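What follows is target.csv (CSV, C-alpha atoms).
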chain,number,residue,atom,x,y,z
M,1,GLU,CA,-26.3,-129.2,59.7
M,2,LEU,CA,-23.2,-129.9,61.7
M,3,LYS,CA,-20.2,-127.7,60.8
M,4,VAL,CA,-16.7,-128.2,62.1
M,5,GLU,CA,-14.1,-125.4,61.9
M,6,GLN,CA,-10.5,-125.8,62.5
M,7,ASN,CA,-7.9,-123.1,62.9
M,8,PRO,CA,-5.3,-122.4,61.9
M,9,LEU,CA,-5.5,-124.3,58.6
M,10,PHE,CA,-1.8,-123.9,58.1
M,11,LEU,CA,0.9,-123.8,60.7
M,12,SER,CA,4.7,-123.6,60.4
M,13,MET,CA,6.6,-123.8,63.6
M,14,GLN,CA,10.1,-124.5,64.9
M,15,GLU,CA,11.1,-127.5,66.8
M,16,GLY,CA,10.9,-127.1,70.5
M,17,LYS,CA,8.0,-124.7,70.4
M,18,ASN,CA,4.5,-125.2,71.8
M,19,TYR,CA,1.3,-124.6,69.9
M,20,THR,CA,-2.4,-125.3,69.9
M,21,ILE,CA,-4.9,-126.2,67.2
M,22,TYR,CA,-8.5,-125.3,67.7
M,23,CYS,CA,-11.6,-127.2,66.6
M,24,ASN,CA,-15.1,-125.6,66.9
M,25,TYR,CA,-18.3,-127.4,66.0
M,26,SER,CA,-21.8,-126.0,65.5
M,27,THR,CA,-24.2,-128.4,67.2
M,28,THR,CA,-24.4,-130.7,70.2
M,29,SER,CA,-22.1,-133.7,70.0
M,30,ASP,CA,-20.7,-136.1,72.5
M,31,ARG,CA,-18.0,-137.5,70.3
M,32,LEU,CA,-14.9,-135.8,69.0
M,33,TYR,CA,-12.0,-137.4,67.3
M,34,TRP,CA,-8.5,-136.3,66.2
M,35,TYR,CA,-6.8,-137.9,63.3
M,36,ARG,CA,-3.4,-137.5,61.8
M,37,GLN,CA,-2.8,-137.8,58.0
M,38,ASP,CA,0.7,-138.0,56.4
M,39,PRO,CA,0.9,-137.0,52.7
M,40,GLY,CA,-0.7,-139.6,50.4
M,41,LYS,CA,-1.7,-141.8,53.4
M,42,SER,CA,-4.8,-142.7,55.2
M,43,LEU,CA,-6.1,-141.4,58.5
M,44,GLU,CA,-4.5,-142.5,61.8
M,45,SER,CA,-6.6,-142.2,64.9
M,46,LEU,CA,-5.0,-140.1,67.6
M,47,PHE,CA,-7.6,-139.4,70.3
M,48,VAL,CA,-11.3,-140.2,71.0
M,49,LEU,CA,-12.9,-137.7,73.4
M,50,LEU,CA,-16.3,-138.6,74.7
M,51,SER,CA,-17.2,-136.3,77.6
M,52,ASN,CA,-17.0,-132.8,78.7
M,53,GLY,CA,-13.7,-132.0,80.3
M,54,ALA,CA,-12.0,-135.1,78.7
M,55,VAL,CA,-8.3,-134.8,78.4
M,56,LYS,CA,-6.0,-137.3,76.7
M,57,GLN,CA,-2.3,-137.3,76.2
M,58,GLU,CA,0.0,-139.3,74.0
M,59,GLY,CA,3.6,-138.2,73.9
M,60,ARG,CA,3.9,-134.6,72.9
M,61,LEU,CA,0.2,-134.3,71.9
M,62,MET,CA,-2.6,-133.5,74.3
M,63,ALA,CA,-6.3,-133.2,73.3
M,64,SER,CA,-9.1,-131.8,75.4
M,65,LEU,CA,-12.9,-131.3,74.9
M,66,ASP,CA,-15.3,-128.7,76.2
M,67,THR,CA,-18.7,-129.7,75.1
M,68,LYS,CA,-20.4,-126.6,76.5
M,69,ALA,CA,-18.2,-124.3,74.4
M,70,ARG,CA,-18.3,-126.9,71.6
M,71,LEU,CA,-14.5,-126.6,71.4
M,72,SER,CA,-11.7,-129.1,71.3
M,73,THR,CA,-8.0,-128.3,71.4
M,74,LEU,CA,-4.9,-130.3,70.3
M,75,HIS,CA,-1.8,-129.0,72.1
M,76,ILE,CA,1.6,-129.7,70.8
M,77,THR,CA,4.4,-129.6,73.4
M,78,ALA,CA,8.1,-129.1,72.4
M,79,ALA,CA,7.4,-130.0,68.7
M,80,VAL,CA,9.6,-132.3,66.8
M,81,HIS,CA,9.9,-132.7,63.0
M,82,ASP,CA,8.2,-136.1,63.1
M,83,LEU,CA,5.0,-134.4,64.1
M,84,SER,CA,4.8,-132.7,60.7
M,85,ALA,CA,1.5,-133.8,59.2
M,86,THR,CA,-2.1,-132.7,58.6
M,87,TYR,CA,-4.3,-133.0,61.7
M,88,PHE,CA,-8.1,-133.3,61.4
M,89,CYS,CA,-10.7,-133.1,64.0
M,90,ALA,CA,-14.0,-134.9,63.4
M,91,VAL,CA,-17.3,-134.8,65.1
M,92,GLY,CA,-20.0,-137.5,65.3
M,93,SER,CA,-23.7,-136.9,65.7
M,94,SER,CA,-25.0,-136.8,69.2
M,95,GLY,CA,-26.5,-139.9,70.6
M,96,GLY,CA,-23.8,-142.3,69.5
M,97,GLY,CA,-25.4,-143.3,66.3
M,98,ALA,CA,-23.8,-145.0,63.4
M,99,ASP,CA,-23.7,-141.9,61.3
M,100,GLY,CA,-20.5,-140.9,59.6
M,101,LEU,CA,-18.2,-138.2,60.9
M,102,THR,CA,-18.0,-134.5,59.9
M,103,PHE,CA,-14.4,-133.4,59.5
M,104,GLY,CA,-12.8,-130.0,59.8
M,105,LYS,CA,-10.7,-128.8,56.9
M,106,GLY,CA,-7.5,-129.9,58.6
M,107,THR,CA,-4.5,-128.2,59.9
M,108,HIS,CA,-1.4,-128.6,57.8
M,109,LEU,CA,1.5,-128.6,60.3
M,110,ILE,CA,5.1,-128.1,59.3
M,111,ILE,CA,7.8,-128.3,62.0
M,112,GLN,CA,11.1,-126.9,61.0
M,113,PRO,CA,14.4,-127.8,62.6
J,1,ASP,CA,-3.7,-158.5,62.6
J,2,ALA,CA,-7.3,-157.3,62.3
J,3,MET,CA,-7.5,-154.6,59.7
J,4,VAL,CA,-9.3,-152.7,56.9
J,5,ILE,CA,-8.0,-153.5,53.5
J,6,GLN,CA,-8.6,-151.6,50.3
J,7,ASN,CA,-7.9,-152.7,46.7
J,8,PRO,CA,-6.5,-151.5,44.6
J,9,ARG,CA,-4.4,-148.8,46.2
J,10,TYR,CA,-4.2,-146.9,42.9
J,11,GLN,CA,-6.8,-147.0,40.2
J,12,VAL,CA,-6.6,-145.3,36.8
J,13,THR,CA,-9.8,-145.1,34.7
J,14,GLN,CA,-11.0,-143.3,31.7
J,15,PHE,CA,-13.6,-140.6,31.7
J,16,GLY,CA,-17.0,-142.4,31.7
J,17,LYS,CA,-15.7,-145.9,32.2
J,18,PRO,CA,-17.2,-147.6,35.2
J,19,VAL,CA,-14.9,-148.5,38.1
J,20,THR,CA,-15.3,-150.5,41.3
J,21,LEU,CA,-13.3,-150.0,44.5
J,22,SER,CA,-13.1,-152.7,47.1
J,23,CYS,CA,-12.9,-152.7,50.9
J,24,SER,CA,-12.7,-155.7,53.2
J,25,GLN,CA,-12.3,-155.9,56.9
J,26,THR,CA,-11.3,-158.5,59.4
J,27,LEU,CA,-12.6,-156.6,62.4
J,28,ASN,CA,-16.1,-158.0,62.2
J,29,HIS,CA,-17.5,-154.5,62.5
J,30,ASN,CA,-21.1,-154.0,61.5
J,31,VAL,CA,-20.8,-150.5,60.1
J,32,MET,CA,-18.8,-149.7,57.0
J,33,TYR,CA,-18.3,-146.2,55.5
J,34,TRP,CA,-17.1,-144.7,52.3
J,35,TYR,CA,-15.5,-141.3,52.3
J,36,GLN,CA,-14.2,-139.2,49.4
J,37,GLN,CA,-11.2,-137.0,50.0
J,38,LYS,CA,-10.1,-134.6,47.3
J,39,SER,CA,-6.7,-133.1,47.3
J,40,SER,CA,-6.0,-130.8,50.3
J,41,GLN,CA,-9.6,-131.2,51.5
J,42,ALA,CA,-11.3,-132.9,54.4
J,43,PRO,CA,-12.8,-136.4,53.9
J,44,LYS,CA,-16.5,-136.2,53.0
J,45,LEU,CA,-18.9,-139.0,53.8
J,46,LEU,CA,-20.6,-140.6,50.8
J,47,PHE,CA,-22.6,-143.3,52.4
J,48,HIS,CA,-22.5,-146.1,55.0
J,49,TYR,CA,-23.9,-149.5,55.7
J,50,TYR,CA,-25.2,-150.4,59.1
J,51,ASP,CA,-25.3,-154.2,58.7
J,52,LYS,CA,-27.4,-154.5,55.5
J,53,ASP,CA,-29.1,-151.1,55.9
J,54,PHE,CA,-27.8,-148.6,53.4
J,55,ASN,CA,-27.6,-144.9,54.3
J,56,ASN,CA,-26.9,-142.4,51.6
J,57,GLU,CA,-25.8,-138.9,52.3
J,58,ALA,CA,-28.2,-136.4,50.7
J,59,ASP,CA,-25.6,-134.7,48.6
J,60,THR,CA,-23.9,-137.9,47.3
J,61,PRO,CA,-24.3,-137.9,43.5
J,62,ASP,CA,-26.3,-140.7,41.9
J,63,ASN,CA,-23.2,-141.7,40.0
J,64,PHE,CA,-21.9,-143.3,43.2
J,65,GLN,CA,-23.4,-146.6,44.3
J,66,SER,CA,-22.4,-149.1,47.0
J,67,ARG,CA,-22.8,-152.8,47.6
J,68,ARG,CA,-22.2,-154.9,50.8
J,69,PRO,CA,-22.6,-158.6,50.0
J,70,ASN,CA,-21.6,-159.7,53.4
J,71,THR,CA,-20.1,-158.4,56.7
J,72,SER,CA,-16.6,-158.4,55.5
J,73,PHE,CA,-16.8,-156.7,52.1
J,74,CYS,CA,-18.1,-153.4,50.8
J,75,PHE,CA,-17.8,-152.0,47.2
J,76,LEU,CA,-17.9,-148.5,45.8
J,77,ASP,CA,-19.1,-148.4,42.2
J,78,ILE,CA,-18.7,-145.2,40.2
J,79,ARG,CA,-20.9,-145.6,37.2
J,80,SER,CA,-19.5,-142.9,34.9
J,81,PRO,CA,-16.5,-141.3,36.4
J,82,GLY,CA,-15.9,-137.7,35.6
J,83,LEU,CA,-12.7,-135.7,36.1
J,84,GLY,CA,-14.1,-134.2,39.3
J,85,ASP,CA,-14.3,-137.7,40.8
J,86,ALA,CA,-10.5,-138.0,41.0
J,87,ALA,CA,-9.8,-138.3,44.7
J,88,MET,CA,-8.7,-140.6,47.5
J,89,TYR,CA,-11.5,-142.9,48.5
J,90,LEU,CA,-11.3,-144.0,52.1
J,91,CYS,CA,-13.2,-147.0,53.6
J,92,ALA,CA,-13.8,-147.0,57.3
J,93,THR,CA,-15.4,-149.5,59.8
J,94,SER,CA,-17.0,-149.0,63.2
J,95,PRO,CA,-18.0,-151.4,65.9
J,96,ARG,CA,-21.4,-149.9,66.5
J,97,GLY,CA,-23.3,-152.1,68.9
J,98,LEU,CA,-20.2,-153.0,70.8
J,99,ALA,CA,-19.3,-149.5,71.8
J,100,SER,CA,-21.4,-146.4,71.8
J,101,TYR,CA,-18.7,-144.1,70.7
J,102,ASN,CA,-18.5,-145.2,67.1
J,103,GLU,CA,-14.8,-144.9,66.7
J,104,GLN,CA,-13.9,-145.4,63.0
J,105,PHE,CA,-11.0,-147.3,61.7
J,106,PHE,CA,-9.7,-146.3,58.3
J,107,GLY,CA,-8.2,-148.3,55.5
J,108,PRO,CA,-5.2,-147.2,53.5
J,109,GLY,CA,-7.4,-145.6,50.8
J,110,THR,CA,-7.6,-146.0,47.0
J,111,ARG,CA,-6.3,-143.1,44.9
J,112,LEU,CA,-8.5,-142.8,41.8
J,113,THR,CA,-7.2,-141.0,38.7
J,114,VAL,CA,-9.6,-140.2,35.9
J,115,LEU,CA,-8.1,-139.6,32.4
Would you give me this structure, written as structure tokens?
Amino acid sequence: ELKVEQNPLFLSMQEGKNYTIYCNYSTTSDRLYWYRQDPGKSLESLFVLLSNGAVKQEGRLMASLDTKARLSTLHITAAVHDLSATYFCAVGSSGGGADGLTFGKGTHLIIQP
Amino acid sequence: DAMVIQNPRYQVTQFGKPVTLSCSQTLNHNVMYWYQQKSSQAPKLLFHYYDKDFNNEADTPDNFQSRRPNTSFCFLDIRSPGLGDAAMYLCATSPRGLASYNEQFFGPGTRLTVL
């Protein structure tokens, strides 16, 4: 059974600071996704990571994937209040099948002025 | 714009009264998923359709059923809602067959309240 663990589950930080969210998963996978969710809203796709060493950046967010360590990170640079949200990582089964995603529990991020 | 649409956005039902949630898509994706997300929890996959093939997760209660009459529409039926079924229900689609990475696109969700 595929398990996905995120940490921390809750993070309060100040604007301008840097921080990293970690996502570990238990079995081989070649697909990892990061989503953002605002309160009461649906999931917004941030990054799709498909290969070992993949790194993607969008604004102040950067995601990376190490398939050998079964680890993905989401790094926040110089945080701003607008980035406050819950961030989920999700892993797909290996082989690119149509199976659904297994989500981590999410990291609730609060960025304070 | 191509999108995933869910109706209604908010649904209130009574304990034990059947309810149907709707999802439609204009993306022409051949895979459609239903996830349940309870308050402050991660989304949990209930089932998915790959074209007309239905795939149920092993731990999805029998109380939950799904129908996909055509490519564009997929329904979630809850036969006898209990208080524990109150949640946000998210529909997602994926272009399996066009891309191997199975990126999923989520609708806005339906928030179900059971009284």
Pick from M:Arg36, M:Leu101, M:Asp30, M:Glu15 nearest to Thr67 of chain M, counting only C-alpha atoms: M:Asp30
Chain M near chain J within 8 Å: what's each residue's closest atom pair and its distance in Å to one decimal, counting all atoms listed in the file, ordered by chain then ascending residue number, as JSON lines?
{"residue": "M:Arg31", "atom": "CA", "partner": "J:Tyr101", "partner_atom": "CA", "distance": 6.6}
{"residue": "M:Lys41", "atom": "CA", "partner": "J:Pro108", "partner_atom": "CA", "distance": 6.4}
{"residue": "M:Ser42", "atom": "CA", "partner": "J:Pro108", "partner_atom": "CA", "distance": 4.8}
{"residue": "M:Leu43", "atom": "CA", "partner": "J:Phe106", "partner_atom": "CA", "distance": 6.1}
{"residue": "M:Glu44", "atom": "CA", "partner": "J:Phe106", "partner_atom": "CA", "distance": 7.3}
{"residue": "M:Ser45", "atom": "CA", "partner": "J:Phe105", "partner_atom": "CA", "distance": 7.5}
{"residue": "M:Val48", "atom": "CA", "partner": "J:Glu103", "partner_atom": "CA", "distance": 7.3}
{"residue": "M:Leu50", "atom": "CA", "partner": "J:Tyr101", "partner_atom": "CA", "distance": 7.2}
{"residue": "M:Phe88", "atom": "CA", "partner": "J:Ala42", "partner_atom": "CA", "distance": 7.7}
{"residue": "M:Gly96", "atom": "CA", "partner": "J:Ser100", "partner_atom": "CA", "distance": 5.3}
{"residue": "M:Gly97", "atom": "CA", "partner": "J:Asn102", "partner_atom": "CA", "distance": 7.2}
{"residue": "M:Ala98", "atom": "CA", "partner": "J:Arg96", "partner_atom": "CA", "distance": 6.3}
{"residue": "M:Asp99", "atom": "CA", "partner": "J:His48", "partner_atom": "CA", "distance": 7.7}
{"residue": "M:Gly100", "atom": "CA", "partner": "J:Leu45", "partner_atom": "CA", "distance": 6.3}
{"residue": "M:Leu101", "atom": "CA", "partner": "J:Leu45", "partner_atom": "CA", "distance": 7.2}
{"residue": "M:Thr102", "atom": "CA", "partner": "J:Lys44", "partner_atom": "CA", "distance": 7.3}
{"residue": "M:Phe103", "atom": "CA", "partner": "J:Ala42", "partner_atom": "CA", "distance": 6.0}
{"residue": "M:Gly104", "atom": "CA", "partner": "J:Ala42", "partner_atom": "CA", "distance": 6.3}
{"residue": "M:Lys105", "atom": "CA", "partner": "J:Ala42", "partner_atom": "CA", "distance": 4.8}
{"residue": "M:Gly106", "atom": "CA", "partner": "J:Ala42", "partner_atom": "CA", "distance": 6.4}
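For the pair atom CA of Tyr35 of chain M and atom CA of Arg67 of chain J, the interatomic distance is 26.9 Å.
A straight line drawn from atom CA of Asp59 of chain J to atom CA of Arg70 of chain M is 25.4 Å long.
Candidate residues M:Pro8, M:Gly92, M:Gly59, M:Gly53 were compared for distance to Thr20 of chain M, and the nearest is M:Pro8, using only C-alpha atoms.
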Give me the residues within 9 Å of Gln14 of chain J as a PDB file with C-alpha atoms, in the coordinates of the input, counting all atoms listed in the file and dropping any in the same chain fewer than 5 places off.
ATOM      1  CA  PRO J  81     -16.500-141.300  36.400  1.00  0.00           C
ATOM      2  CA  GLY J  82     -15.900-137.700  35.600  1.00  0.00           C
ATOM      3  CA  LEU J  83     -12.700-135.700  36.100  1.00  0.00           C
ATOM      4  CA  THR J 113      -7.200-141.000  38.700  1.00  0.00           C
ATOM      5  CA  VAL J 114      -9.600-140.200  35.900  1.00  0.00           C
ATOM      6  CA  LEU J 115      -8.100-139.600  32.400  1.00  0.00           C
TER       7      LEU J 115
END
J:Phe64, J:Phe73, J:Phe15, J:Phe54 ranked by distance to Asn28 of chain J, top pick (using all atoms listed in the file): J:Phe73
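For the atom pair formed by atom CA of Ile111 of chain M and atom CA of Tyr33 of chain M, the distance is 22.4 Å, given to one decimal.
Comparing M:Ala54, M:Met62, M:Ala79, M:Cys89 by their smallest distance to Trp34 of chain M, the closest is M:Cys89 (using only C-alpha atoms).
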